[in-house]
Amino acid sequence: MTAPYSSAGHEVHLAVAWINSQPALRGLLEEAARAEPELNRDRFRTGLSRSDRFFWPSRTEEGRATLVWELMQDIAKDDAEDPEAGWRAASDYSTKRNIQDSWREFAEDILQPLFDFLSERVGAESSILHTLERYRTRIEWFDREELYTRFEADRANGEEVYNLDLQRFLFLEGDHITHAKPRSASGEADLIGDLDGRDPLVCDGKIFDGSSRGKGYLVKGVHQIIKYAHDYGQHTAYLVIYNITDKLLELPTDGTPGAWPPYTEISGVRVYFIHVRVLPPTATASKAGKATRVTLTHDDLTNPDTT
């Protein structure tokens, strides 16, 4: 808002580049984009013209943030070829005669809601992906031995050891209220949070042991949480994979190769894979030798009977 109108597009470009460099913010925006899939983007862009009265076509804070984020990305892209792209968007929206005042009004009315949204979500640590990334790091760095000892003591119910640990972490670190094994039309999900609210958290944990609980077990887990997501009207689900082997598990992604976390989209649901190595190391990395790779493919997920 304080930038001179002549550098408005450049300031938007810098903001977009910085947000894209922050994993936590990218995670928040990824989640927001899934919250209101039927956004009327054309109505939003048309309403930014002074010839039309402006109304937000979104019905959620997530939807509004998504509209603003997409607009800012377009302005940043246009700025590379047209330095006037930023303030021109503002002058189309504002009725003020002074260009600097037009830019301030546009930034305050249209762009600021995105930053308010991000500030509130980051302050509350409400990004599921950010919380799950911290959970993965906590186990791999600090708690592998303790949890694995408890798992070994009762392998038949060992998966529950990890799921209860995850449930506790989500509540303590992210304030996500979860309930163990609630009922739904498709069965019992291990972790579905905020069932009394408007936005249930669909998050399930599955053991990978490379044999009886191998690729086929993970594929069934993916399709299981997709059913849960449909039951609760959700478009996003999270599969936490507890790898109790020394094998490297490679997961498919519909996103950017190498970006964390990988995800796949099936039947209108985006499923994020959170891979956690829970087997305590038995040797140093230099003595462990070359690890065996196990690859879960898109074909495995779409044709579960062949896995």
# chains A, B, ... in the order shown; residues from 1 in each chain; ligands from 1
$ residues_around --residues "stretch 237-254 of chain A" --least-positions-apart "4" --cutoff "7 Å" --atoms "only C-alpha atoms" --output "PyMOL selection string"
chain A and resi 202-210+222+225+229+262-264+270-279+291-298
$ residues_around --residues "stretch 50-65 of chain A" --least-positions-apart "3" --cutoff "9 Å" --atoms "only C-alpha atoms" --output "ChimeraX atom specification"
/A:29,31-41,43-44,46-47,68-70,91-95,111,113-115,117-118
$ write_last_selection --atoms "N, CA and C atoms" --output "PDB file, in the first residue's frame"
ATOM      1  N   LEU A  29      -1.770 -22.099   1.009  1.00  0.00           N
ATOM      2  CA  LEU A  29      -2.467 -21.746  -0.230  1.00  0.00           C
ATOM      3  C   LEU A  29      -2.912 -22.985  -0.996  1.00  0.00           C
ATOM      4  N   GLU A  31      -3.919 -25.717   0.463  1.00  0.00           N
ATOM      5  CA  GLU A  31      -5.118 -26.136   1.177  1.00  0.00           C
ATOM      6  C   GLU A  31      -6.295 -25.230   0.846  1.00  0.00           C
ATOM      7  N   ALA A  32      -6.038 -23.916   0.789  1.00  0.00           N
ATOM      8  CA  ALA A  32      -7.110 -22.960   0.511  1.00  0.00           C
ATOM      9  C   ALA A  32      -7.734 -23.206  -0.851  1.00  0.00           C
ATOM     10  N   ALA A  33      -6.915 -23.564  -1.829  1.00  0.00           N
ATOM     11  CA  ALA A  33      -7.408 -23.773  -3.187  1.00  0.00           C
ATOM     12  C   ALA A  33      -8.373 -24.941  -3.284  1.00  0.00           C
ATOM     13  N   ARG A  34      -8.312 -25.856  -2.296  1.00  0.00           N
ATOM     14  CA  ARG A  34      -9.188 -27.022  -2.304  1.00  0.00           C
ATOM     15  C   ARG A  34     -10.503 -26.783  -1.572  1.00  0.00           C
ATOM     16  N   ALA A  35     -10.602 -25.680  -0.841  1.00  0.00           N
ATOM     17  CA  ALA A  35     -11.750 -25.461   0.040  1.00  0.00           C
ATOM     18  C   ALA A  35     -13.013 -25.068  -0.709  1.00  0.00           C
ATOM     19  N   GLU A  36     -12.863 -24.343  -1.812  1.00  0.00           N
ATOM     20  CA  GLU A  36     -14.036 -23.853  -2.553  1.00  0.00           C
ATOM     21  C   GLU A  36     -13.794 -24.070  -4.043  1.00  0.00           C
ATOM     22  N   PRO A  37     -13.994 -25.271  -4.526  1.00  0.00           N
ATOM     23  CA  PRO A  37     -13.614 -25.615  -5.903  1.00  0.00           C
ATOM     24  C   PRO A  37     -14.444 -24.944  -6.986  1.00  0.00           C
ATOM     25  N   GLU A  38     -15.646 -24.451  -6.656  1.00  0.00           N
ATOM     26  CA  GLU A  38     -16.532 -23.881  -7.680  1.00  0.00           C
ATOM     27  C   GLU A  38     -16.465 -22.360  -7.717  1.00  0.00           C
ATOM     28  N   LEU A  39     -15.294 -21.794  -7.494  1.00  0.00           N
ATOM     29  CA  LEU A  39     -15.149 -20.337  -7.512  1.00  0.00           C
ATOM     30  C   LEU A  39     -15.463 -19.773  -8.893  1.00  0.00           C
ATOM     31  N   ASN A  40     -16.176 -18.643  -8.914  1.00  0.00           N
ATOM     32  CA  ASN A  40     -16.481 -17.965 -10.176  1.00  0.00           C
ATOM     33  C   ASN A  40     -15.389 -16.935 -10.445  1.00  0.00           C
ATOM     34  N   ARG A  41     -14.323 -17.383 -11.079  1.00  0.00           N
ATOM     35  CA  ARG A  41     -13.182 -16.505 -11.327  1.00  0.00           C
ATOM     36  C   ARG A  41     -13.511 -15.414 -12.334  1.00  0.00           C
ATOM     37  N   ARG A  43     -16.382 -13.892 -12.804  1.00  0.00           N
ATOM     38  CA  ARG A  43     -17.155 -12.850 -12.131  1.00  0.00           C
ATOM     39  C   ARG A  43     -16.244 -11.962 -11.289  1.00  0.00           C
ATOM     40  N   PHE A  44     -15.265 -12.583 -10.646  1.00  0.00           N
ATOM     41  CA  PHE A  44     -14.317 -11.810  -9.835  1.00  0.00           C
ATOM     42  C   PHE A  44     -13.537 -10.833 -10.700  1.00  0.00           C
ATOM     43  N   THR A  46     -14.236  -9.674 -13.712  1.00  0.00           N
ATOM     44  CA  THR A  46     -15.126  -8.674 -14.311  1.00  0.00           C
ATOM     45  C   THR A  46     -15.499  -7.607 -13.290  1.00  0.00           C
ATOM     46  N   GLY A  47     -15.699  -8.023 -12.048  1.00  0.00           N
ATOM     47  CA  GLY A  47     -16.079  -7.085 -11.006  1.00  0.00           C
ATOM     48  C   GLY A  47     -14.995  -6.091 -10.643  1.00  0.00           C
ATOM     49  N   VAL A  68      -7.431 -13.857  -4.784  1.00  0.00           N
ATOM     50  CA  VAL A  68      -6.413 -12.808  -4.710  1.00  0.00           C
ATOM     51  C   VAL A  68      -5.047 -13.356  -5.109  1.00  0.00           C
ATOM     52  N   TRP A  69      -4.723 -14.562  -4.643  1.00  0.00           N
ATOM     53  CA  TRP A  69      -3.434 -15.165  -4.952  1.00  0.00           C
ATOM     54  C   TRP A  69      -3.277 -15.384  -6.458  1.00  0.00           C
ATOM     55  N   GLU A  70      -4.321 -15.852  -7.110  1.00  0.00           N
ATOM     56  CA  GLU A  70      -4.262 -16.049  -8.561  1.00  0.00           C
ATOM     57  C   GLU A  70      -4.121 -14.714  -9.282  1.00  0.00           C
ATOM     58  N   SER A  91      -6.200   1.159 -11.327  1.00  0.00           N
ATOM     59  CA  SER A  91      -6.971   2.253 -11.906  1.00  0.00           C
ATOM     60  C   SER A  91      -8.271   1.746 -12.533  1.00  0.00           C
ATOM     61  N   ASP A  92      -8.271   0.496 -13.013  1.00  0.00           N
ATOM     62  CA  ASP A  92      -9.515  -0.088 -13.539  1.00  0.00           C
ATOM     63  C   ASP A  92     -10.527  -0.312 -12.422  1.00  0.00           C
ATOM     64  N   TYR A  93     -10.023  -0.578 -11.209  1.00  0.00           N
ATOM     65  CA  TYR A  93     -10.903  -0.873 -10.082  1.00  0.00           C
ATOM     66  C   TYR A  93     -11.389   0.388  -9.379  1.00  0.00           C
ATOM     67  N   SER A  94     -10.494   1.340  -9.138  1.00  0.00           N
ATOM     68  CA  SER A  94     -10.788   2.494  -8.306  1.00  0.00           C
ATOM     69  C   SER A  94     -11.403   3.645  -9.113  1.00  0.00           C
ATOM     70  N   THR A  95     -12.253   4.421  -8.441  1.00  0.00           N
ATOM     71  CA  THR A  95     -12.843   5.609  -9.060  1.00  0.00           C
ATOM     72  C   THR A  95     -12.094   6.883  -8.677  1.00  0.00           C
ATOM     73  N   LEU A 111      -6.097  -6.740  -2.305  1.00  0.00           N
ATOM     74  CA  LEU A 111      -4.924  -7.560  -2.000  1.00  0.00           C
ATOM     75  C   LEU A 111      -4.775  -7.874  -0.520  1.00  0.00           C
ATOM     76  N   PRO A 113      -6.789  -8.751   1.910  1.00  0.00           N
ATOM     77  CA  PRO A 113      -7.407  -9.949   2.482  1.00  0.00           C
ATOM     78  C   PRO A 113      -6.538 -11.202   2.391  1.00  0.00           C
ATOM     79  N   LEU A 114      -5.699 -11.303   1.352  1.00  0.00           N
ATOM     80  CA  LEU A 114      -4.802 -12.459   1.257  1.00  0.00           C
ATOM     81  C   LEU A 114      -3.804 -12.457   2.405  1.00  0.00           C
ATOM     82  N   PHE A 115      -3.220 -11.297   2.685  1.00  0.00           N
ATOM     83  CA  PHE A 115      -2.205 -11.221   3.739  1.00  0.00           C
ATOM     84  C   PHE A 115      -2.825 -11.364   5.125  1.00  0.00           C
ATOM     85  N   PHE A 117      -5.399 -13.283   5.682  1.00  0.00           N
ATOM     86  CA  PHE A 117      -5.640 -14.726   5.747  1.00  0.00           C
ATOM     87  C   PHE A 117      -4.369 -15.477   6.133  1.00  0.00           C
ATOM     88  N   LEU A 118      -3.261 -15.166   5.463  1.00  0.00           N
ATOM     89  CA  LEU A 118      -2.003 -15.860   5.751  1.00  0.00           C
ATOM     90  C   LEU A 118      -1.525 -15.575   7.172  1.00  0.00           C
TER      91      LEU A 118
END
$ select_by_dssp --residues "stretch 117-298 of chain A" --states "strand (DSSP E or B)" --output "PyMOL selection string"
chain A and resi 178-180+183-184+187-188+191-193+201-208+236-243+248-250+263-266+269-277+293-295
$ residues_around --residues "stretch 139-146 of chain A" --least-positions-apart "2" --cutoff "7 Å" --atoms "only C-alpha atoms" --output "list of chain:residue names"
A:Tyr135, A:Arg136, A:Thr137, A:Tyr148, A:Thr149, A:Arg150, A:Arg277, A:Val278, A:Leu279, A:Pro280
$ write_last_selection --atoms "N, CA and C atoms" --output "CSV table (one decimal), in the first residue's frame"
chain,number,residue,atom,x,y,z
A,135,TYR,N,5.8,-33.0,12.3
A,135,TYR,CA,5.6,-34.3,12.9
A,135,TYR,C,6.6,-35.3,12.3
A,136,ARG,N,6.7,-35.3,11.0
A,136,ARG,CA,7.7,-36.2,10.4
A,136,ARG,C,9.1,-36.0,10.9
A,137,THR,N,9.5,-34.7,11.0
A,137,THR,CA,10.8,-34.4,11.5
A,137,THR,C,11.0,-34.8,13.0
A,148,TYR,N,9.1,-47.1,18.1
A,148,TYR,CA,9.3,-48.5,17.5
A,148,TYR,C,9.3,-49.5,18.6
A,149,THR,N,9.9,-49.2,19.7
A,149,THR,CA,9.9,-50.2,20.9
A,149,THR,C,8.4,-50.5,21.3
A,150,ARG,N,7.6,-49.5,21.3
A,150,ARG,CA,6.2,-49.7,21.6
A,150,ARG,C,5.5,-50.5,20.5
A,277,ARG,N,10.0,-42.2,8.1
A,277,ARG,CA,10.9,-43.4,8.3
A,277,ARG,C,10.9,-43.6,9.8
A,278,VAL,N,10.3,-44.7,10.2
A,278,VAL,CA,10.2,-45.0,11.7
A,278,VAL,C,11.1,-46.1,12.1
A,279,LEU,N,11.8,-46.8,11.2
A,279,LEU,CA,12.7,-47.9,11.7
A,279,LEU,C,14.0,-47.3,12.2
A,280,PRO,N,14.4,-47.5,13.4
A,280,PRO,CA,15.6,-47.0,13.9
A,280,PRO,C,16.8,-47.5,13.1
$ select_by_dssp --residues "stretch 75-135 of chain A" --states "helix (DSSP H, G or I)" --output "PyMOL selection string"
chain A and resi 75-79+85-93+99-123+128-135
$ atom_distance --atom1 "atom CA of A:Ser7" --atom2 "atom CA of A:Ala24"
27.3 Å
$ residues_around --residues "A:Ala8" --least-positions-apart "6" --cutoff "8 Å" --atoms "only C-alpha atoms" --output "PyMOL selection string"
chain A and resi 84+86-87+103
$ decode --residues "stretch 105-120 of chain A" --atoms "all heavy atoms" --output "PDB file, in the first residue's frame"
ATOM      1  N   GLU A 105      -6.129   2.158  -2.629  1.00  0.00           N
ATOM      2  CA  GLU A 105      -7.466   1.597  -2.442  1.00  0.00           C
ATOM      3  C   GLU A 105      -7.525   0.152  -2.948  1.00  0.00           C
ATOM      4  O   GLU A 105      -8.098  -0.728  -2.295  1.00  0.00           O
ATOM      5  CB  GLU A 105      -8.501   2.452  -3.176  1.00  0.00           C
ATOM      6  CG  GLU A 105      -9.926   1.961  -2.972  1.00  0.00           C
ATOM      7  CD  GLU A 105     -10.936   2.811  -3.700  1.00  0.00           C
ATOM      8  OE1 GLU A 105     -10.647   3.283  -4.827  1.00  0.00           O
ATOM      9  OE2 GLU A 105     -12.035   3.012  -3.146  1.00  0.00           O
ATOM     10  N   PHE A 106      -6.941  -0.091  -4.110  1.00  0.00           N
ATOM     11  CA  PHE A 106      -6.922  -1.441  -4.681  1.00  0.00           C
ATOM     12  C   PHE A 106      -6.175  -2.409  -3.775  1.00  0.00           C
ATOM     13  O   PHE A 106      -6.641  -3.521  -3.503  1.00  0.00           O
ATOM     14  CB  PHE A 106      -6.257  -1.380  -6.061  1.00  0.00           C
ATOM     15  CG  PHE A 106      -6.098  -2.719  -6.720  1.00  0.00           C
ATOM     16  CD1 PHE A 106      -7.175  -3.349  -7.318  1.00  0.00           C
ATOM     17  CD2 PHE A 106      -4.857  -3.344  -6.755  1.00  0.00           C
ATOM     18  CE1 PHE A 106      -7.027  -4.587  -7.945  1.00  0.00           C
ATOM     19  CE2 PHE A 106      -4.692  -4.580  -7.375  1.00  0.00           C
ATOM     20  CZ  PHE A 106      -5.785  -5.204  -7.965  1.00  0.00           C
ATOM     21  N   ALA A 107      -4.999  -1.976  -3.282  1.00  0.00           N
ATOM     22  CA  ALA A 107      -4.205  -2.845  -2.413  1.00  0.00           C
ATOM     23  C   ALA A 107      -4.936  -3.141  -1.112  1.00  0.00           C
ATOM     24  O   ALA A 107      -4.900  -4.271  -0.606  1.00  0.00           O
ATOM     25  CB  ALA A 107      -2.850  -2.192  -2.124  1.00  0.00           C
ATOM     26  N   GLU A 108      -5.620  -2.138  -0.577  1.00  0.00           N
ATOM     27  CA  GLU A 108      -6.323  -2.307   0.695  1.00  0.00           C
ATOM     28  C   GLU A 108      -7.580  -3.161   0.544  1.00  0.00           C
ATOM     29  O   GLU A 108      -7.841  -4.060   1.351  1.00  0.00           O
ATOM     30  CB  GLU A 108      -6.688  -0.944   1.272  1.00  0.00           C
ATOM     31  CG  GLU A 108      -7.271  -1.012   2.682  1.00  0.00           C
ATOM     32  CD  GLU A 108      -7.444   0.372   3.276  1.00  0.00           C
ATOM     33  OE1 GLU A 108      -7.659   1.324   2.501  1.00  0.00           O
ATOM     34  OE2 GLU A 108      -7.345   0.508   4.507  1.00  0.00           O
ATOM     35  N   ASP A 109      -8.358  -2.902  -0.518  1.00  0.00           N
ATOM     36  CA  ASP A 109      -9.627  -3.615  -0.695  1.00  0.00           C
ATOM     37  C   ASP A 109      -9.438  -5.028  -1.232  1.00  0.00           C
ATOM     38  O   ASP A 109     -10.124  -5.965  -0.798  1.00  0.00           O
ATOM     39  CB  ASP A 109     -10.539  -2.855  -1.670  1.00  0.00           C
ATOM     40  CG  ASP A 109     -11.026  -1.535  -1.109  1.00  0.00           C
ATOM     41  OD1 ASP A 109     -10.747  -1.244   0.067  1.00  0.00           O
ATOM     42  OD2 ASP A 109     -11.696  -0.802  -1.859  1.00  0.00           O
ATOM     43  N   ILE A 110      -8.532  -5.189  -2.195  1.00  0.00           N
ATOM     44  CA  ILE A 110      -8.447  -6.442  -2.944  1.00  0.00           C
ATOM     45  C   ILE A 110      -7.281  -7.322  -2.497  1.00  0.00           C
ATOM     46  O   ILE A 110      -7.434  -8.535  -2.319  1.00  0.00           O
ATOM     47  CB  ILE A 110      -8.335  -6.163  -4.457  1.00  0.00           C
ATOM     48  CG1 ILE A 110      -9.511  -5.309  -4.925  1.00  0.00           C
ATOM     49  CG2 ILE A 110      -8.270  -7.478  -5.238  1.00  0.00           C
ATOM     50  CD1 ILE A 110     -10.878  -5.923  -4.666  1.00  0.00           C
ATOM     51  N   LEU A 111      -6.097  -6.740  -2.305  1.00  0.00           N
ATOM     52  CA  LEU A 111      -4.924  -7.560  -2.000  1.00  0.00           C
ATOM     53  C   LEU A 111      -4.775  -7.874  -0.520  1.00  0.00           C
ATOM     54  O   LEU A 111      -4.350  -8.971  -0.155  1.00  0.00           O
ATOM     55  CB  LEU A 111      -3.646  -6.861  -2.501  1.00  0.00           C
ATOM     56  CG  LEU A 111      -3.599  -6.521  -3.990  1.00  0.00           C
ATOM     57  CD1 LEU A 111      -2.216  -5.979  -4.353  1.00  0.00           C
ATOM     58  CD2 LEU A 111      -3.957  -7.725  -4.860  1.00  0.00           C
ATOM     59  N   GLN A 112      -5.122  -6.931   0.344  1.00  0.00           N
ATOM     60  CA  GLN A 112      -4.886  -7.128   1.772  1.00  0.00           C
ATOM     61  C   GLN A 112      -5.572  -8.358   2.352  1.00  0.00           C
ATOM     62  O   GLN A 112      -5.000  -9.005   3.244  1.00  0.00           O
ATOM     63  CB  GLN A 112      -5.305  -5.881   2.552  1.00  0.00           C
ATOM     64  CG  GLN A 112      -4.980  -5.994   4.050  1.00  0.00           C
ATOM     65  CD  GLN A 112      -5.183  -4.692   4.793  1.00  0.00           C
ATOM     66  OE1 GLN A 112      -5.127  -3.614   4.204  1.00  0.00           O
ATOM     67  NE2 GLN A 112      -5.416  -4.793   6.086  1.00  0.00           N
ATOM     68  N   PRO A 113      -6.789  -8.751   1.910  1.00  0.00           N
ATOM     69  CA  PRO A 113      -7.407  -9.949   2.482  1.00  0.00           C
ATOM     70  C   PRO A 113      -6.538 -11.202   2.391  1.00  0.00           C
ATOM     71  O   PRO A 113      -6.612 -12.070   3.272  1.00  0.00           O
ATOM     72  CB  PRO A 113      -8.691 -10.107   1.658  1.00  0.00           C
ATOM     73  CG  PRO A 113      -9.057  -8.707   1.282  1.00  0.00           C
ATOM     74  CD  PRO A 113      -7.732  -8.033   1.019  1.00  0.00           C
ATOM     75  N   LEU A 114      -5.699 -11.303   1.352  1.00  0.00           N
ATOM     76  CA  LEU A 114      -4.802 -12.459   1.257  1.00  0.00           C
ATOM     77  C   LEU A 114      -3.804 -12.457   2.405  1.00  0.00           C
ATOM     78  O   LEU A 114      -3.572 -13.485   3.048  1.00  0.00           O
ATOM     79  CB  LEU A 114      -4.056 -12.453  -0.076  1.00  0.00           C
ATOM     80  CG  LEU A 114      -2.924 -13.491  -0.190  1.00  0.00           C
ATOM     81  CD1 LEU A 114      -3.481 -14.909  -0.156  1.00  0.00           C
ATOM     82  CD2 LEU A 114      -2.107 -13.263  -1.456  1.00  0.00           C
ATOM     83  N   PHE A 115      -3.220 -11.297   2.685  1.00  0.00           N
ATOM     84  CA  PHE A 115      -2.205 -11.221   3.739  1.00  0.00           C
ATOM     85  C   PHE A 115      -2.825 -11.364   5.125  1.00  0.00           C
ATOM     86  O   PHE A 115      -2.202 -11.910   6.035  1.00  0.00           O
ATOM     87  CB  PHE A 115      -1.421  -9.916   3.599  1.00  0.00           C
ATOM     88  CG  PHE A 115      -0.654  -9.840   2.314  1.00  0.00           C
ATOM     89  CD1 PHE A 115      -1.201  -9.233   1.193  1.00  0.00           C
ATOM     90  CD2 PHE A 115       0.592 -10.426   2.209  1.00  0.00           C
ATOM     91  CE1 PHE A 115      -0.507  -9.189  -0.007  1.00  0.00           C
ATOM     92  CE2 PHE A 115       1.303 -10.388   1.006  1.00  0.00           C
ATOM     93  CZ  PHE A 115       0.743  -9.765  -0.104  1.00  0.00           C
ATOM     94  N   ASP A 116      -4.056 -10.880   5.276  1.00  0.00           N
ATOM     95  CA  ASP A 116      -4.766 -11.109   6.541  1.00  0.00           C
ATOM     96  C   ASP A 116      -4.988 -12.606   6.744  1.00  0.00           C
ATOM     97  O   ASP A 116      -4.806 -13.136   7.851  1.00  0.00           O
ATOM     98  CB  ASP A 116      -6.108 -10.385   6.532  1.00  0.00           C
ATOM     99  CG  ASP A 116      -5.955  -8.875   6.577  1.00  0.00           C
ATOM    100  OD1 ASP A 116      -4.863  -8.400   6.957  1.00  0.00           O
ATOM    101  OD2 ASP A 116      -6.920  -8.175   6.229  1.00  0.00           O
ATOM    102  N   PHE A 117      -5.399 -13.283   5.682  1.00  0.00           N
ATOM    103  CA  PHE A 117      -5.640 -14.726   5.747  1.00  0.00           C
ATOM    104  C   PHE A 117      -4.369 -15.477   6.133  1.00  0.00           C
ATOM    105  O   PHE A 117      -4.384 -16.323   7.034  1.00  0.00           O
ATOM    106  CB  PHE A 117      -6.153 -15.220   4.388  1.00  0.00           C
ATOM    107  CG  PHE A 117      -6.229 -16.712   4.251  1.00  0.00           C
ATOM    108  CD1 PHE A 117      -7.298 -17.427   4.766  1.00  0.00           C
ATOM    109  CD2 PHE A 117      -5.221 -17.419   3.602  1.00  0.00           C
ATOM    110  CE1 PHE A 117      -7.373 -18.807   4.632  1.00  0.00           C
ATOM    111  CE2 PHE A 117      -5.284 -18.801   3.466  1.00  0.00           C
ATOM    112  CZ  PHE A 117      -6.362 -19.494   3.989  1.00  0.00           C
ATOM    113  N   LEU A 118      -3.261 -15.166   5.463  1.00  0.00           N
ATOM    114  CA  LEU A 118      -2.003 -15.860   5.751  1.00  0.00           C
ATOM    115  C   LEU A 118      -1.525 -15.575   7.172  1.00  0.00           C
ATOM    116  O   LEU A 118      -1.046 -16.469   7.865  1.00  0.00           O
ATOM    117  CB  LEU A 118      -0.939 -15.456   4.736  1.00  0.00           C
ATOM    118  CG  LEU A 118      -1.163 -15.928   3.294  1.00  0.00           C
ATOM    119  CD1 LEU A 118      -0.085 -15.366   2.376  1.00  0.00           C
ATOM    120  CD2 LEU A 118      -1.177 -17.448   3.208  1.00  0.00           C
ATOM    121  N   SER A 119      -1.654 -14.330   7.601  1.00  0.00           N
ATOM    122  CA  SER A 119      -1.201 -13.972   8.952  1.00  0.00           C
ATOM    123  C   SER A 119      -1.975 -14.725  10.017  1.00  0.00           C
ATOM    124  O   SER A 119      -1.406 -15.232  10.990  1.00  0.00           O
ATOM    125  CB  SER A 119      -1.354 -12.463   9.172  1.00  0.00           C
ATOM    126  OG  SER A 119      -0.525 -11.736   8.298  1.00  0.00           O
ATOM    127  N   GLU A 120      -3.293 -14.815   9.827  1.00  0.00           N
ATOM    128  CA  GLU A 120      -4.113 -15.529  10.808  1.00  0.00           C
ATOM    129  C   GLU A 120      -3.776 -17.010  10.839  1.00  0.00           C
ATOM    130  O   GLU A 120      -3.663 -17.615  11.907  1.00  0.00           O
ATOM    131  CB  GLU A 120      -5.597 -15.348  10.460  1.00  0.00           C
ATOM    132  CG  GLU A 120      -6.098 -13.932  10.672  1.00  0.00           C
ATOM    133  CD  GLU A 120      -7.492 -13.740  10.113  1.00  0.00           C
ATOM    134  OE1 GLU A 120      -8.067 -14.733   9.606  1.00  0.00           O
ATOM    135  OE2 GLU A 120      -8.010 -12.607  10.180  1.00  0.00           O
TER     136      GLU A 120
END
